[in-house]
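Student: Input: one structure, supplied below.
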Amino acid sequence: MMIRVSRLSSSSSCGRRCVTEWRGVSGCRRRSMESVFVVGGRDESSPSPASVALQRIRALTSILNPGSSGPTAITVRYSSSSSSQSGDEVITLGDVSLQLKQPENPELVPVRYKGENLPQSILHHLRWIMQKDLLAQDVFLVGPPGPLRRNIAMMYLEMTKKEVEYVSLSRDTTETDLKQRREIVSSSAVHVDQCAVRAAVKGRVLILEGIEKAERNVLPVLNNLLENREMQLDDGRFLMAASGYDKLLQSHSKEELDAWKLVRVHEDFRVIALGLPVPWYQGNPLDPPLRSRFQARNISALPYKDHLELLREVGEGVNPDHISRILSFAMTMVSKETHSLGLPDFPLDNLHAIVKILRAAPSTSLQNLLERLYPFHCMMASEGQTSVRNALKSFELLETEVNASSGNAVMEIRRGPSSSSATVQLQCGHSVAEIQVPTGELNESVAQDSFIRTPYHDHLLSEMMQSHMVKDFCVIGSRGCGKSVLVRQFADLLGYHIETIMLYQDMTARDLLQQRMTTPSGDTVWRLSPLVIAALEGSLAVLDGVHRVNAGTFAVLHRLIHDRELSLFDGSRLLRHDRYDAVRASKGYSDADMTARGLLRIHPSFRIVALSELPVIGSSSSSQQWLSSELLTMFLYHLMRPLSMDEELHVIKKLVPQMTGMKQVMDLAHRLRSSTDASLKSVAASLSTRQLLRIARHLAIYPDTSVYNLVHKACLARFLPRLTQTALEEELESVDVRKNALPSSVDAIDRAVTCEIKDGILRIGSTTIETYNPETKMKIPDVIFYDNPLHMSVMEEMLRDYLLGEHLLLVGNQGVGKNKIIDRFLYLLNRPREYIQLHRDTTVQTLTLQPTVQDGVVVYEDSPLVRAVKQGHILVIDEADKAPTNVTCILKTLVESGEMHLADSRRIVSANSGLKPSPSIIVTHPDFRMFVLANRPGFPFLGNDFFGAMGDIFSCHAIDNPDVESEMSMLRQYGPSVPDGTLRRLVLAFGELRTMADQGMITYPYSTREVVNMVKHLERFPNEGLVSVVNNVFDFDVYNKELRDTVLETLHKHGIPIGADPRNVLLAKE
């Protein structure tokens, strides 16, 4: 049997067609394409006009005369082996032949990677790999990011019927992931062979992808296996090269070699490594001893001609000129000149996705499609954006903003009764297109009351439908702009169940794929992650926080996203549905047989939607400028801008029909967003659409609330830098928002500073609520608390937010009474609490579960968080700023949607999810609420900026030290026998010191807690001198002369004689 692979130069008519097309290209595009087209996609560095002309002549001559000098055309031939007794086939690539062997485990042979007509460039790569295979040499395929290198390796293994062991390397990969892992089976420790050992013993091909991701001390464990085919295993066995083993077998029996624990390495064992060139791309450079053991091959992008033919096959019926212009632009963006500008590589391997969209919806904007592949607006500075626009203009792809983003909407969705797909009718500009998209298993969608459609949302949804048809996609937008709500609406339209996976910085590959756990008998097993479960069940996996997760960990998802295949830690494999069906049909296996062989079927409806914040343009940090060349190959990208004022006003009016007084707030928010002042733009992030909705709901129920105070609360203005505070005050004045005057009526003053409980009704100020009636009162806090006007006004604001269903965040300096206020508030409400204190070493697992060992078995006990969710208590999270923000960010889904995954495979769902409680499902109690306490961001507090990371999902309250009268009122209750003059001196002195701390004159913000402690001391020991008591606070500053002098001067000014000098005139008055 012979399979001839056609190529463009095999026919003079094809050559004439190519020349005709070349002549048809406009002059400006031809000049931009010359280097790409003439030399097959490789950009030459400024050749002379004579050399360019010579290259043109040679290239056209080789096209029109296939027999002239140039690379030999490679054909693929299969034939029967005349020397083989078993009649095995022989595959021939050009002049290189390899005898095929029947695989022992055919399910491990890749399927459906090899197309019918492979380009010549790929066939040359395959021929080279076959040469190295015949020489028993391991190979390293190096090249730009994308699936091309992996696909070429899989094509070769499919053509040669070789079994594969695949491992995706990451920063979390250890030696045990490659050699042997110790498991507990039937209460005994056993060693389980991993990919490298299995491949060596069974004669398979080991594919190592992501060499640059692994830590440098991990891969040297393979050096001896690569060089001499030898390796010492942890269970005492020794892998020996086939030649050495066979020589021993001539003089010893197989039983003797087994007793010596010698294991033969199969002669067909090979290694194919896949990696990026470092330092061209980010990663760890190759270890020299490891590099010397490989033969390298550069797998660059396909030549222009080959890529053009592939795209035309995919986009049959698409305007050829459109495909030509798109490819020409893409080739320009991967040239050396564009890379020298520091621009990320264009994801050439994803061009087929937008060509498929063009085939289904021909009127879709070409520029819009290219921006989904290459969202340059959000990842480049102005210089880079100009370069990309110029390239778009050169190929006549640049459109006006109105033409590129207008007139798109989802008109109709028709779903079959049992079908896993739907027909979506889209309005694309002035035409209508129908596309087939996968759908979820939910027959009835749950309407979202919180989603208000606007023309912009309709446009985004229509684009997301197009992308959903062909590939996973990512929505990028600023915090609070509505990404999660839009994706929930998208899932609702298509009947998808959403599986939300919160990503965080210290997330490992095991957290993403499989987690190790113990059974009640003590055996170790692997539990599937929510992402893998979503793949098997056909859910919509929402990866929230791509900008947070480490790129080296996220790389383990490349194969799942590109190929819909995945290798798990327990040795099982997930296959794309058509590949799974092909293997099952060809071998006659049942589903049970496939499962027994470790093969699982990925549901055809499974899709991944990623959510991320905008990359920080110009940042050198990979965590801030997260949108790298490698990540560009994984998704189609949709940039979600903040809503315009009219759009935002429309949404808020629909959600809060009774809103009042929002015009000024809206004006302020959009003034801040459009400001050129960087500090004001950072404040604008605190006035997201989510926060504006919160303010509107508050004003609708409590119209007497000060707009000025609500804005200050949302921005946490009390703790902004002084210059930013001043700028914000000016903006507030410009929109006529001013601080309200104090109430003048005696009754209003009285009600504003008091609280009472009467007939089961709690009143704080003018706000009332029915007190809670818990089953048990054991966990209701009861602390000593003396009411004062400031704290009571704060609690009234907290009560209003509590009645609105908000979760609360209290931020302030140390010792200002945050815990006291919370405890008093809960006491008044009669609400039980669960308390958890965070610290530097808090992890996601310890936040949700507490592991303990009982009878030798690891048992997970519910953390305070889980108990509060179950029982409807208030969860008080203290010191939230001390834990890493990438850990506390998992609270986001719990606050927003009431859902969270626990480390023991249980899942928290919202109270209105419709699901019933079960051993694996925890339904959130409707009374559950979260109160979070954190110190102010910035120096001298050494915590993380919790407010900056998650502040907009909470209703925030800035807790400050009491004013003079409030502090005096409180201190009189702590020290009723302490003279008022002494109290006033302390209050005034500490008030001035706090003002100096706010102005940056001193670093330590002296707090009310320290004043209270001094008053308690004076009350209990009235004969103690004031100086000795004050020294209890200021002895910390004895060794800082400059600070000591400042403090003493302030204390002396207010008549406190610490470090007194007889000549001090101020103290002489006392």
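A note on labels: chains of the structure tokens are A, B, ... as shown, every chain counts residues from 1, and ligands are counted from 1 in their shown order.
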Need to verify the contact set: Leu847 (chain A), 12 Å, only C-alpha atoms, exclusion of same-chain residues closer than 6 positions in sequence. Can you return it as a compact mmCIF listing (two decimals) with C-alpha atoms, in the first residue's frame?

Tutor:
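selection02.txt was written with the following content:
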# COMPACT_ATOMS: atom_id res chain seq x y z
CA TYR A 835 -13.46 32.29 64.55
CA ILE A 836 -10.37 31.67 62.45
CA GLN A 837 -7.08 33.57 62.54
CA LEU A 838 -4.87 33.59 59.48
CA HIS A 839 -1.09 33.79 59.31
CA ASP A 841 1.70 29.78 56.61
CA TYR A 860 -10.18 15.76 57.71
CA GLU A 861 -12.19 17.66 60.26
CA ASP A 862 -14.31 20.63 59.34
CA SER A 863 -12.58 23.97 59.77
CA PRO A 864 -14.47 26.90 61.35
CA LEU A 865 -15.29 28.01 57.81
CA VAL A 866 -17.09 24.77 56.97
CA ARG A 867 -18.87 24.69 60.31
CA LEU A 875 -17.51 33.37 60.24
CA ILE A 877 -11.72 35.81 59.80
CA ALA A 880 -6.78 38.37 56.87
CA ALA A 883 -2.16 35.22 54.82
CA PRO A 884 -1.02 35.34 51.17
CA VAL A 887 -4.80 31.87 49.51
CA THR A 888 -7.54 34.18 50.69
CA CYS A 889 -8.72 34.70 47.11
CA ILE A 890 -10.51 31.33 47.27
CA LEU A 891 -13.05 33.13 49.45
CA MET A 900 -16.31 26.14 47.13
CA HIS A 901 -14.44 22.85 46.71
CA LEU A 902 -12.90 21.25 49.78
CA ALA A 903 -9.72 19.17 49.95

Student: Using the chain letters and numbers from this document, which residues of region 917-1004 of chain A does DSSP assign to strand (DSSP E or B), as a PyMOL selection string?

Tutor: chain A and resi 918+921-923+929-935+955-959

Student: So the first atom is CA of Ile435 (chain A) and the second is CA of Arg415 (chain A); what is the distance between them in Å, to one decimal place?

Tutor: 12.1 Å

Student: Which parts of region 626-695 of chain A does DSSP call helix (DSSP H, G or I) when run on the backbone here, written out as number ranges by chain?

Tutor: A: 629-632, 645-655, 663-673, 678-687, 689-695

Student: Rounded to one decimal in Å, what is the spacing between CA of Glu316 (chain A) and CA of Leu369 (chain A)?

Tutor: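 Computing it gives 17.5 Å between the two atoms.
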
Student: Hey, what's within 12 Å of Lys247 (chain A) if we count only C-alpha atoms and toss same-chain stuff fewer than 6 positions away? As a VMD selection string, please?

Tutor: chain A and resid 240 to 241 253 to 254 257 264

Student: I need the residues from that last selection saved to file as a PDB file, in the first residue's frame (with N, CA and C atoms), if you can.

Tutor:
ATOM      1  N   MET A 240      18.943  -2.290  33.441  1.00  0.00           N
ATOM      2  CA  MET A 240      20.195  -2.541  32.723  1.00  0.00           C
ATOM      3  C   MET A 240      19.932  -2.505  31.229  1.00  0.00           C
ATOM      4  N   ALA A 241      20.894  -1.988  30.489  1.00  0.00           N
ATOM      5  CA  ALA A 241      20.777  -1.913  29.038  1.00  0.00           C
ATOM      6  C   ALA A 241      20.563  -3.298  28.454  1.00  0.00           C
ATOM      7  N   SER A 253      20.871 -17.816  34.360  1.00  0.00           N
ATOM      8  CA  SER A 253      19.457 -18.047  34.071  1.00  0.00           C
ATOM      9  C   SER A 253      18.653 -16.790  34.362  1.00  0.00           C
ATOM     10  N   LYS A 254      17.428 -16.781  33.816  1.00  0.00           N
ATOM     11  CA  LYS A 254      16.526 -15.658  34.052  1.00  0.00           C
ATOM     12  C   LYS A 254      16.198 -15.538  35.540  1.00  0.00           C
ATOM     13  N   LEU A 257      19.007 -13.713  37.387  1.00  0.00           N
ATOM     14  CA  LEU A 257      18.985 -12.268  37.143  1.00  0.00           C
ATOM     15  C   LEU A 257      17.830 -11.610  37.896  1.00  0.00           C
ATOM     16  N   ARG A 264      15.674  -5.737  32.465  1.00  0.00           N
ATOM     17  CA  ARG A 264      16.158  -5.408  31.114  1.00  0.00           C
ATOM     18  C   ARG A 264      15.427  -4.179  30.576  1.00  0.00           C
TER      19      ARG A 264
END

Student: List as a list in words the protein and nucleic acid residues near Ala189 (chain A), meaning an atom at most 12 Å away when only C-alpha atoms are counted, but skip any in the same chain fewer than 5 places from it.

Tutor: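 Returned residues: Arg181, Arg182, Glu183, Ile184, Asp235, Gly522, Asp523 and Thr524 of chain A.
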
Student: Write a file of the selected residues as a CSV table (one decimal), in the first residue's frame, keeping N, CA and C atoms.

Tutor:
chain,number,residue,atom,x,y,z
A,181,ARG,N,6.9,5.9,42.7
A,181,ARG,CA,6.2,6.5,43.8
A,181,ARG,C,5.8,5.5,44.8
A,182,ARG,N,5.9,5.8,46.0
A,182,ARG,CA,5.6,4.9,47.1
A,182,ARG,C,4.1,5.1,47.4
A,183,GLU,N,3.3,4.0,47.4
A,183,GLU,CA,1.9,4.0,47.7
A,183,GLU,C,1.7,3.0,48.8
A,184,ILE,N,0.6,3.2,49.6
A,184,ILE,CA,0.2,2.2,50.6
A,184,ILE,C,-1.0,1.4,50.1
A,235,ASP,N,13.1,0.6,44.8
A,235,ASP,CA,12.7,-0.7,45.4
A,235,ASP,C,13.8,-1.7,45.3
A,522,GLY,N,-6.5,3.2,55.4
A,522,GLY,CA,-5.1,3.7,55.4
A,522,GLY,C,-4.4,3.7,54.1
A,523,ASP,N,-5.0,3.1,53.1
A,523,ASP,CA,-4.4,3.0,51.7
A,523,ASP,C,-4.4,4.4,51.1
A,524,THR,N,-3.5,4.6,50.2
A,524,THR,CA,-3.4,5.9,49.5
A,524,THR,C,-4.1,5.7,48.1

Student: Quick one: contact table of region 670-781 of chain A to region 785-801 of chain A, 12 Å max, nearest atom pair and distance in Å to one decimal per residue, counting only C-alpha atoms, chain and number order, as CSV?

Tutor:
residue,atom,partner,partner_atom,distance
A:Arg694,CA,A:Asp801,CA,9.1
A:Ile695,CA,A:Asp801,CA,10.1
A:Arg697,CA,A:Asp801,CA,9.6
A:His698,CA,A:Asp801,CA,7.5
A:Leu699,CA,A:Arg800,CA,10.5
A:Ala700,CA,A:Arg800,CA,11.7
A:Ile701,CA,A:Arg800,CA,8.9
A:Tyr702,CA,A:Arg800,CA,8.1
A:Pro703,CA,A:Arg800,CA,11.7
A:Asp704,CA,A:Glu797,CA,11.8
A:Thr705,CA,A:Glu797,CA,9.0
A:Ser706,CA,A:Glu797,CA,10.8
A:Asn709,CA,A:Glu797,CA,10.1
A:Leu710,CA,A:Glu797,CA,9.7
A:Lys713,CA,A:Glu797,CA,10.2
A:Ile749,CA,A:Pro789,CA,9.4
A:Asp750,CA,A:Pro789,CA,9.5
A:Arg751,CA,A:Ser793,CA,9.9
A:Ala752,CA,A:Ser793,CA,6.5
A:Val753,CA,A:Pro789,CA,4.6
A:Thr754,CA,A:Met792,CA,6.7
A:Cys755,CA,A:Met792,CA,7.6
A:Glu756,CA,A:Met792,CA,11.2
A:Leu762,CA,A:Leu799,CA,10.0
A:Arg763,CA,A:Glu796,CA,8.7
A:Ile764,CA,A:Glu796,CA,5.5
A:Gly765,CA,A:Glu796,CA,6.3
A:Ser766,CA,A:Glu796,CA,8.0
A:Thr767,CA,A:Glu796,CA,6.7
A:Thr768,CA,A:Leu799,CA,8.3
A:Ile769,CA,A:Leu799,CA,8.2
A:Glu770,CA,A:Leu799,CA,11.3
A:Thr771,CA,A:Leu799,CA,11.6
A:Pro781,CA,A:Phe785,CA,11.3

Student: Give me the residues near Arg527 (chain A) as a list in words, where near means some atom within 9 Å (using only C-alpha atoms) and where sequence neighbours in that chain fewer than 6 positions away do not count.

Tutor: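 Listed by chain and then number, they are Leu513, Gln514, Gln515, Arg516, Met517, Asp904 and Ser905 of chain A.
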
Student: Please report the interatomic distance between CA of Ser539 (chain A) and CA of Pro926 (chain A) in Å with one decimal.

Tutor: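 Computing the Euclidean distance for CA of Ser539 (chain A) and CA of Pro926 (chain A) yields 26.0 Å.
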
Student: Please provide as a PyMOL selection string all residues within 7 Å of Arg171 (chain A), with the sequence filter that same-chain residues fewer than 5 positions apart are discarded (counting only C-alpha atoms).

Tutor: chain A and resi 213-215+552-553

Student: Extract, using only C-alpha atoms, all DNA, RNA and protein residues at most 6 Å from region 203-210 of chain A, discarding same-chain residues fewer than 4 positions from it, and format them as an mmCIF file with N, CA and C atoms, in the first residue's frame.

Tutor:
data_model
loop_
_atom_site.group_PDB
_atom_site.id
_atom_site.type_symbol
_atom_site.label_atom_id
_atom_site.label_comp_id
_atom_site.auth_asym_id
_atom_site.auth_seq_id
_atom_site.Cartn_x
_atom_site.Cartn_y
_atom_site.Cartn_z
ATOM 1 N N GLU A 163 3.969 2.674 21.268
ATOM 2 C CA GLU A 163 3.260 3.069 22.478
ATOM 3 C C GLU A 163 3.953 4.274 23.117
ATOM 4 N N VAL A 164 3.170 5.081 23.815
ATOM 5 C CA VAL A 164 3.711 6.327 24.354
ATOM 6 C C VAL A 164 3.467 6.395 25.860
ATOM 7 N N GLU A 165 4.435 6.944 26.557
ATOM 8 C CA GLU A 165 4.288 7.373 27.949
ATOM 9 C C GLU A 165 4.559 8.871 27.957
ATOM 10 N N TYR A 166 3.561 9.631 28.390
ATOM 11 C CA TYR A 166 3.667 11.090 28.304
ATOM 12 C C TYR A 166 3.673 11.683 29.702
ATOM 13 N N VAL A 167 4.532 12.674 29.924
ATOM 14 C CA VAL A 167 4.521 13.410 31.179
ATOM 15 C C VAL A 167 4.737 14.887 30.875
ATOM 16 N N SER A 168 3.880 15.711 31.469
ATOM 17 C CA SER A 168 4.028 17.155 31.341
ATOM 18 C C SER A 168 4.781 17.661 32.559
ATOM 19 N N LEU A 169 5.960 18.196 32.331
ATOM 20 C CA LEU A 169 6.803 18.652 33.426
ATOM 21 C C LEU A 169 6.343 20.036 33.890
ATOM 22 N N ALA A 199 8.181 3.085 30.509
ATOM 23 C CA ALA A 199 8.613 3.200 29.115
ATOM 24 C C ALA A 199 9.886 2.401 28.871
ATOM 25 N N HIS A 266 14.214 -2.278 27.488
ATOM 26 C CA HIS A 266 13.839 -2.699 26.129
ATOM 27 C C HIS A 266 14.659 -1.933 25.100
ATOM 28 N N ASP A 268 13.773 -0.976 22.273
ATOM 29 C CA ASP A 268 12.996 0.022 21.542
ATOM 30 C C ASP A 268 12.679 1.264 22.381
ATOM 31 N N PHE A 269 13.172 1.306 23.602
ATOM 32 C CA PHE A 269 12.924 2.479 24.454
ATOM 33 C C PHE A 269 13.590 3.714 23.876
ATOM 34 N N ARG A 270 12.803 4.780 23.735
ATOM 35 C CA ARG A 270 13.321 6.050 23.229
ATOM 36 C C ARG A 270 12.737 7.191 24.064
ATOM 37 N N VAL A 271 13.384 8.332 23.995
ATOM 38 C CA VAL A 271 12.915 9.535 24.677
ATOM 39 C C VAL A 271 12.809 10.664 23.662
ATOM 40 N N ILE A 272 11.661 11.317 23.654
ATOM 41 C CA ILE A 272 11.471 12.536 22.851
ATOM 42 C C ILE A 272 11.182 13.668 23.830
ATOM 43 N N ALA A 273 12.069 14.628 23.896
ATOM 44 C CA ALA A 273 11.896 15.778 24.786
ATOM 45 C C ALA A 273 11.379 16.961 23.982
ATOM 46 N N LEU A 274 10.479 17.719 24.580
ATOM 47 C CA LEU A 274 9.909 18.909 23.950
ATOM 48 C C LEU A 274 10.178 20.097 24.855
ATOM 49 N N GLY A 275 10.735 21.152 24.303
ATOM 50 C CA GLY A 275 11.059 22.306 25.131
ATOM 51 C C GLY A 275 11.143 23.590 24.331
#

Student: For Thr660 (chain A), which residue among A:Arg293, A:Leu693, A:Thr92, A:Asp287 is the nearest when counting only C-alpha atoms?

Tutor: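 Among A:Arg293, A:Leu693, A:Thr92, A:Asp287, it is A:Leu693 that comes nearest to Thr660 (chain A).
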